[in-house]
Amino acid sequence: MTYTKSLSKLSKKDVAIAGGKGASLGELLQAKILVPNGFVVLTDAFDKFLDDTDLRQEVLAQLDKVDQDKMHTIERASERIQQMILRANMPKEIAEIISKDFSSLGAKYVAVRSSATEEDSNSAAWAGQLETYLNTKEEALLENVKKCWASLFTPRAIFYRFEKKLKESNISVAVVVQEMIESEKAGIAFSVHPVTQDKNQMIIEAIFGLGETIVSGTITPDSYVVSKKDNKIIDINIHEQTKALYKKDGGGNEWRDLDDKGTEQVLNEKAILKLAGIIKKIESHYNAPQDIEWAFANGKFFITQSRPITTLTRTSPVSSRALIDTKQYIYVANREITLLEMSLIIESYRHKYTEVNVLREFGKLLSDQAVIVGKGLSVDMYRTKESIKKAGDCSIALIKNDKLFLHNLADISIKIAGKIIRKIEGLKILISNENISQQQLKTFYMTWRELFLNFFPMQVLPLGFERSLEFNEKDILIKNKEVLINWRDKTQYVQMQLEKVFATFLGQTKKKLKKDIRYHSDMEVIQSLTKEKVFNKNDINLRENGYLMIWDFENEIPYSIYTGKEIIQTVSLLEKEKNIGDKPKNLMHGSGIGSGSCKAPAYILENKDDLNDVPQGCILVAKVLELEDIHKLKGKNICGVVTEEGGLTSHIAISGRELGVPIVVAVKNVTRLIQKDVLISIDADDGYITINNVK
């Protein structure tokens, strides 16, 4: 049995025995990329350890006790499993082979890095879930290998395993042992810009010292944006670094003050472009966007890891003619939603309400001439300045003319919600049938569609009224605040249930019809389910890459959908207007992660022990957040997160995108400048926060 293998003898085909990290490093060597020398303790070694110590069944028994929604069960299982692994003796045969391979490296210090067999796959980015031990000497090597084995069962790794539905997967762990590069500088690079999603741009982040502090988010790095097309630097952001992590004499690491050096740019332009060339070569070799970790020492760049980027959804524009007068439009919102639902929303605004006829005109003001820019499932909405003003004036007039208008409308909405929730239960039974027929799918959709058309405006209207009043009639807003809150509260659950049963329908339709209908319009779905029309698959696929939807309230089909080259100029001009538009006062800038915006009271995290006390609906403000902290926040229903430290490619940024939490990082001194319970707004699209007023 082989228990170790040189990195030079591994490739991307060896994930099962070397884990994602080990296989990737071997593949980089095959591509003639400079990688630190080393070997991998293969998964067979871990499997033999579990079998020889009779721990395998005990580990599975502990995992069976985990309830993903109860953090204490995860922590209890983690503690017990790790204790069992660390207390057990490593088989003598394996220990001797590892020690022999270490001697062959001829290195005084090595990096010992976990490499899970599910790590760095396209579907599950295990970034930072397992452990790394830098500057390890020979006497600590075997113990650190066992610690890497145990890190397969840290609380964050167990949480991630359950969240990504990998509980039943046969996940094992290998351990990479590499010559330690005493990096003068280090960092991360994304071969596709992770925020703008522009495939023609890469972003490089750089710090002084060891790279561990950048991936953990402890230090805010310099960032450089490079155009891949013409190999030019198009943006440089320098962040002052007061301290750096370096190797400590005798093993381990230590922090050192940087003094004046910390104000310097980490990489000069020549070095940036040299590293950019290496990044392009790696992306070309894998033929896919890559998340890359690098180190610089003795005048050379070393690559210490490359994995696929798992969070990309967007594509970048080229050029074409404009379809509308973009200068008349203002960006108003971003959300994650399907094209199908967007086509239904305008239908819902013009639906002939039996109980609330007055809303038809208001719905027209809300939706007429609106423009939707879709990139994947991320949707930006733009409306004309004129329609925004008219909708605001209309809502204020309705409320001023009838003091009970909002109360009555809220009562009607809540009654409609009560009727709909009973019908949803019937839909759940229908759509849960594994052998559902196409006719039943049609029956489901037409029923669900009618519920959506009747209910969506009733659920979203309180937010529309709130925004109109906030900028024009704050006194009226204060008087009606409780009504609006109760309205949203009593209807939000129904909306969630409608979305949940709709998600099941999407899965059943994909299984039955062999097509993804998320990028079909409402009319196209009906025609597909009734077999009236077969749509060109390529046309639909174009929409996934990007689409423009223009709403026209009075047309028989109240929307037009455009794709491909004809939308490029329009989208480009709209995004330009979005970026140069008026910004609110009291701005604090940082780097936005993901998308979306919200407004809520700030909760200043002064101590990590207070994470369990974070109130629902707040914006959490902290100096830095680790992966465990983000996992603990799951289920807290927080509005967003702001941190002083961290970069666009840190682990905290990646986890933030995957968990759907809007994040703005690198907001200098934010924990000191914002007081608890101050009302703030967060905009992850543009990377800024706004201080509004005291709650």
# chains A, B, ... in the order shown; residues from 1 in each chain; ligands from 1
>>> residues_around(residues="Glu205 of chain A", least_positions_apart="3", cutoff="12 Å", atoms="only C-alpha atoms", output="count of residues only")
45
>>> residues_around(residues="Lys512 of chain A", least_positions_apart="5", cutoff="9 Å", atoms="only C-alpha atoms", output="list in words")
Asn435, Ile436, Ser437, Gln438 and Gly507 of chain A
>>> closest_residue(among="A:Leu105, A:Ala18, A:Tyr286, A:Ala45", to="Ala31 of chain A", atoms="only C-alpha atoms")
A:Tyr286
>>> residues_around(residues="Tyr603 of chain A", least_positions_apart="6", cutoff="12 Å", atoms="only C-alpha atoms", output="ChimeraX atom specification")
/A:610-611,613-622,638-643,670-671,674-680,695
>>> closest_residue(among="A:Thr43, A:Ser78, A:Ser572, A:Ser413", to="Asp64 of chain A", atoms="only C-alpha atoms")
A:Ser78
>>> residues_around(residues="His72 of chain A", least_positions_apart="5", cutoff="12 Å", atoms="only C-alpha atoms", output="MDAnalysis selection string")
chainID A and resid 65:67 77:79 155 158:159 612 632
>>> write_last_selection(atoms="N, CA and C atoms", output="PDB file, in the first residue's frame")
ATOM      1  N   LYS A  65     -25.598  12.272  15.272  1.00  0.00           N
ATOM      2  CA  LYS A  65     -26.247  13.031  16.348  1.00  0.00           C
ATOM      3  C   LYS A  65     -26.383  14.515  16.028  1.00  0.00           C
ATOM      4  N   VAL A  66     -25.840  14.939  14.872  1.00  0.00           N
ATOM      5  CA  VAL A  66     -25.821  16.361  14.529  1.00  0.00           C
ATOM      6  C   VAL A  66     -27.166  16.804  13.971  1.00  0.00           C
ATOM      7  N   ASP A  67     -27.658  17.921  14.492  1.00  0.00           N
ATOM      8  CA  ASP A  67     -28.800  18.635  13.920  1.00  0.00           C
ATOM      9  C   ASP A  67     -28.242  19.938  13.358  1.00  0.00           C
ATOM     10  N   ALA A  77     -20.251  17.309  18.583  1.00  0.00           N
ATOM     11  CA  ALA A  77     -19.724  16.237  17.735  1.00  0.00           C
ATOM     12  C   ALA A  77     -18.289  16.537  17.323  1.00  0.00           C
ATOM     13  N   SER A  78     -18.022  17.798  16.979  1.00  0.00           N
ATOM     14  CA  SER A  78     -16.675  18.193  16.568  1.00  0.00           C
ATOM     15  C   SER A  78     -15.662  17.944  17.677  1.00  0.00           C
ATOM     16  N   GLU A  79     -15.987  18.387  18.860  1.00  0.00           N
ATOM     17  CA  GLU A  79     -15.050  18.235  19.983  1.00  0.00           C
ATOM     18  C   GLU A  79     -14.733  16.767  20.252  1.00  0.00           C
ATOM     19  N   PRO A 155     -16.005  22.406  13.729  1.00  0.00           N
ATOM     20  CA  PRO A 155     -17.406  22.832  13.608  1.00  0.00           C
ATOM     21  C   PRO A 155     -17.736  23.413  12.243  1.00  0.00           C
ATOM     22  N   ILE A 158     -17.885  20.556   9.610  1.00  0.00           N
ATOM     23  CA  ILE A 158     -19.098  19.737   9.770  1.00  0.00           C
ATOM     24  C   ILE A 158     -20.315  20.524   9.270  1.00  0.00           C
ATOM     25  N   PHE A 159     -20.380  21.802   9.645  1.00  0.00           N
ATOM     26  CA  PHE A 159     -21.485  22.642   9.190  1.00  0.00           C
ATOM     27  C   PHE A 159     -21.520  22.680   7.667  1.00  0.00           C
ATOM     28  N   ASN A 612     -23.950  35.167  19.799  1.00  0.00           N
ATOM     29  CA  ASN A 612     -25.248  34.527  20.062  1.00  0.00           C
ATOM     30  C   ASN A 612     -26.333  35.531  20.410  1.00  0.00           C
ATOM     31  N   LYS A 632     -22.151  30.782  12.546  1.00  0.00           N
ATOM     32  CA  LYS A 632     -22.990  30.998  13.723  1.00  0.00           C
ATOM     33  C   LYS A 632     -24.104  32.005  13.448  1.00  0.00           C
TER      34      LYS A 632
END
>>> select_by_dssp(residues="segment 25-100 of chain A", states="alpha helix (DSSP H)", output="PyMOL selection string")
chain A and resi 25-30+43-52+56-64+71-87+92-100
>>> write_last_selection(atoms="N, CA and C atoms", output="short mmCIF file (atom, residue, chain, number, x, y, z; two decimals), in the first residue's frame")
data_model
loop_
_atom_site.label_atom_id
_atom_site.label_comp_id
_atom_site.auth_asym_id
_atom_site.auth_seq_id
_atom_site.Cartn_x
_atom_site.Cartn_y
_atom_site.Cartn_z
N LEU A 25 -2.07 21.03 -6.97
CA LEU A 25 -0.65 21.39 -6.95
C LEU A 25 0.17 20.50 -7.88
N GLY A 26 -0.18 19.22 -7.92
CA GLY A 26 0.48 18.32 -8.85
C GLY A 26 0.22 18.72 -10.29
N GLU A 27 -1.02 19.11 -10.59
CA GLU A 27 -1.39 19.54 -11.94
C GLU A 27 -0.63 20.80 -12.33
N LEU A 28 -0.43 21.72 -11.39
CA LEU A 28 0.32 22.93 -11.68
C LEU A 28 1.77 22.60 -12.04
N LEU A 29 2.35 21.65 -11.36
CA LEU A 29 3.71 21.22 -11.69
C LEU A 29 3.76 20.64 -13.10
N GLN A 30 2.72 19.87 -13.47
CA GLN A 30 2.67 19.31 -14.82
C GLN A 30 2.61 20.43 -15.87
N THR A 43 -4.91 9.78 1.08
CA THR A 43 -6.11 9.44 1.84
C THR A 43 -6.06 8.01 2.38
N ASP A 44 -5.32 7.13 1.72
CA ASP A 44 -5.17 5.76 2.22
C ASP A 44 -4.57 5.74 3.61
N ALA A 45 -3.68 6.71 3.89
CA ALA A 45 -3.06 6.78 5.22
C ALA A 45 -4.12 7.11 6.27
N PHE A 46 -5.00 8.07 5.96
CA PHE A 46 -6.06 8.44 6.90
C PHE A 46 -7.03 7.27 7.09
N ASP A 47 -7.37 6.59 6.00
CA ASP A 47 -8.29 5.46 6.09
C ASP A 47 -7.70 4.34 6.95
N LYS A 48 -6.39 4.08 6.77
CA LYS A 48 -5.73 3.04 7.58
C LYS A 48 -5.72 3.44 9.06
N PHE A 49 -5.49 4.73 9.30
CA PHE A 49 -5.50 5.24 10.67
C PHE A 49 -6.87 4.99 11.32
N LEU A 50 -7.95 5.32 10.60
CA LEU A 50 -9.29 5.11 11.15
C LEU A 50 -9.57 3.64 11.41
N ASP A 51 -9.14 2.78 10.50
CA ASP A 51 -9.40 1.35 10.64
C ASP A 51 -8.56 0.71 11.75
N ASP A 52 -7.27 1.06 11.79
CA ASP A 52 -6.38 0.46 12.81
C ASP A 52 -6.75 0.89 14.21
N ARG A 56 -13.59 4.59 12.89
CA ARG A 56 -14.50 4.92 11.80
C ARG A 56 -15.97 4.92 12.25
N GLN A 57 -16.40 3.86 12.90
CA GLN A 57 -17.80 3.76 13.33
C GLN A 57 -18.13 4.78 14.41
N GLU A 58 -17.14 5.07 15.26
CA GLU A 58 -17.38 6.07 16.32
C GLU A 58 -17.58 7.46 15.72
N VAL A 59 -16.83 7.77 14.67
CA VAL A 59 -16.97 9.06 14.00
C VAL A 59 -18.37 9.17 13.37
N LEU A 60 -18.79 8.13 12.67
CA LEU A 60 -20.11 8.15 12.03
C LEU A 60 -21.23 8.27 13.06
N ALA A 61 -21.04 7.62 14.19
CA ALA A 61 -22.05 7.69 15.25
C ALA A 61 -22.20 9.12 15.77
N GLN A 62 -21.10 9.83 15.90
CA GLN A 62 -21.16 11.21 16.37
C GLN A 62 -21.83 12.12 15.34
N LEU A 63 -21.54 11.89 14.05
CA LEU A 63 -22.15 12.71 13.00
C LEU A 63 -23.66 12.48 12.91
N ASP A 64 -24.10 11.28 13.24
CA ASP A 64 -25.53 10.98 13.21
C ASP A 64 -26.31 11.78 14.26
N MET A 71 -26.47 24.62 16.62
CA MET A 71 -25.02 24.76 16.59
C MET A 71 -24.35 23.95 17.68
N HIS A 72 -24.99 23.82 18.84
CA HIS A 72 -24.34 23.10 19.94
C HIS A 72 -24.14 21.62 19.61
N THR A 73 -25.03 21.04 18.77
CA THR A 73 -24.84 19.62 18.40
C THR A 73 -23.64 19.47 17.47
N ILE A 74 -23.42 20.48 16.61
CA ILE A 74 -22.25 20.47 15.73
C ILE A 74 -20.98 20.59 16.56
N GLU A 75 -20.98 21.52 17.50
CA GLU A 75 -19.79 21.75 18.32
C GLU A 75 -19.47 20.54 19.19
N ARG A 76 -20.52 19.89 19.73
CA ARG A 76 -20.29 18.71 20.58
C ARG A 76 -19.69 17.57 19.77
N ALA A 77 -20.25 17.31 18.58
CA ALA A 77 -19.72 16.24 17.73
C ALA A 77 -18.29 16.54 17.32
N SER A 78 -18.02 17.80 16.98
CA SER A 78 -16.68 18.19 16.57
C SER A 78 -15.66 17.94 17.68
N GLU A 79 -15.99 18.39 18.86
CA GLU A 79 -15.05 18.24 19.98
C GLU A 79 -14.73 16.77 20.25
N ARG A 80 -15.76 15.93 20.24
CA ARG A 80 -15.55 14.51 20.56
C ARG A 80 -14.74 13.81 19.47
N ILE A 81 -15.07 14.08 18.20
CA ILE A 81 -14.36 13.41 17.10
C ILE A 81 -12.90 13.84 17.06
N GLN A 82 -12.65 15.14 17.21
CA GLN A 82 -11.26 15.62 17.16
C GLN A 82 -10.44 15.08 18.32
N GLN A 83 -11.04 15.00 19.49
CA GLN A 83 -10.32 14.42 20.64
C GLN A 83 -9.94 12.98 20.38
N MET A 84 -10.85 12.20 19.78
CA MET A 84 -10.57 10.80 19.49
C MET A 84 -9.40 10.67 18.52
N ILE A 85 -9.39 11.52 17.49
CA ILE A 85 -8.33 11.45 16.48
C ILE A 85 -6.98 11.86 17.07
N LEU A 86 -6.96 12.94 17.83
CA LEU A 86 -5.69 13.45 18.37
C LEU A 86 -5.11 12.55 19.46
N ARG A 87 -5.96 11.83 20.17
CA ARG A 87 -5.47 10.95 21.24
C ARG A 87 -4.97 9.61 20.71
N LYS A 92 2.64 2.98 13.03
CA LYS A 92 4.10 3.14 12.94
C LYS A 92 4.57 3.18 11.50
N GLU A 93 3.98 2.34 10.65
CA GLU A 93 4.39 2.27 9.25
C GLU A 93 4.21 3.62 8.56
N ILE A 94 3.10 4.26 8.82
CA ILE A 94 2.82 5.56 8.19
C ILE A 94 3.75 6.63 8.75
N ALA A 95 3.95 6.63 10.06
CA ALA A 95 4.82 7.62 10.68
C ALA A 95 6.24 7.55 10.11
N GLU A 96 6.73 6.36 9.90
CA GLU A 96 8.10 6.19 9.38
C GLU A 96 8.21 6.70 7.94
N ILE A 97 7.20 6.44 7.12
CA ILE A 97 7.23 6.89 5.72
C ILE A 97 7.18 8.42 5.64
N ILE A 98 6.35 9.04 6.47
CA ILE A 98 6.25 10.51 6.47
C ILE A 98 7.58 11.13 6.89
N SER A 99 8.19 10.59 7.93
CA SER A 99 9.48 11.11 8.41
C SER A 99 10.57 10.96 7.34
N LYS A 100 10.55 9.84 6.62
CA LYS A 100 11.54 9.60 5.57
C LYS A 100 11.36 10.61 4.44
#
>>> residues_around(residues="Ile33 of chain A", least_positions_apart="4", cutoff="12 Å", atoms="only C-alpha atoms", output="ChimeraX atom specification")
/A:8,24-29,37,275,277-283,285,294,300-306
>>> write_last_selection(atoms="C-alpha atoms", output="PDB file, in the first residue's frame")
ATOM      1  CA  SER A   8       5.508  15.898  -9.104  1.00  0.00           C
ATOM      2  CA  SER A  24      -4.247  20.764  -8.041  1.00  0.00           C
ATOM      3  CA  LEU A  25      -0.646  21.392  -6.946  1.00  0.00           C
ATOM      4  CA  GLY A  26       0.482  18.317  -8.855  1.00  0.00           C
ATOM      5  CA  GLU A  27      -1.392  19.536 -11.937  1.00  0.00           C
ATOM      6  CA  LEU A  28       0.324  22.931 -11.678  1.00  0.00           C
ATOM      7  CA  LEU A  29       3.708  21.223 -11.693  1.00  0.00           C
ATOM      8  CA  ASN A  37       8.571  21.126  -3.449  1.00  0.00           C
ATOM      9  CA  LEU A 275       2.120  37.738 -11.729  1.00  0.00           C
ATOM     10  CA  GLY A 277       0.979  36.526 -16.797  1.00  0.00           C
ATOM     11  CA  ILE A 278       1.251  33.498 -14.483  1.00  0.00           C
ATOM     12  CA  ILE A 279      -2.441  33.781 -13.589  1.00  0.00           C
ATOM     13  CA  LYS A 280      -3.449  33.879 -17.267  1.00  0.00           C
ATOM     14  CA  LYS A 281      -1.326  30.783 -17.914  1.00  0.00           C
ATOM     15  CA  ILE A 282      -3.030  28.879 -15.069  1.00  0.00           C
ATOM     16  CA  GLU A 283      -6.525  29.883 -16.218  1.00  0.00           C
ATOM     17  CA  HIS A 285      -4.351  25.472 -18.560  1.00  0.00           C
ATOM     18  CA  TRP A 294       0.622  32.941  -4.326  1.00  0.00           C
ATOM     19  CA  LYS A 300      10.247  34.530  -7.634  1.00  0.00           C
ATOM     20  CA  PHE A 301       6.489  33.983  -7.559  1.00  0.00           C
ATOM     21  CA  PHE A 302       5.406  30.603  -6.168  1.00  0.00           C
ATOM     22  CA  ILE A 303       1.835  29.297  -6.564  1.00  0.00           C
ATOM     23  CA  THR A 304       0.599  27.569  -3.419  1.00  0.00           C
ATOM     24  CA  GLN A 305      -2.947  26.762  -4.544  1.00  0.00           C
ATOM     25  CA  SER A 306      -5.370  27.032  -7.473  1.00  0.00           C
TER      26      SER A 306
END
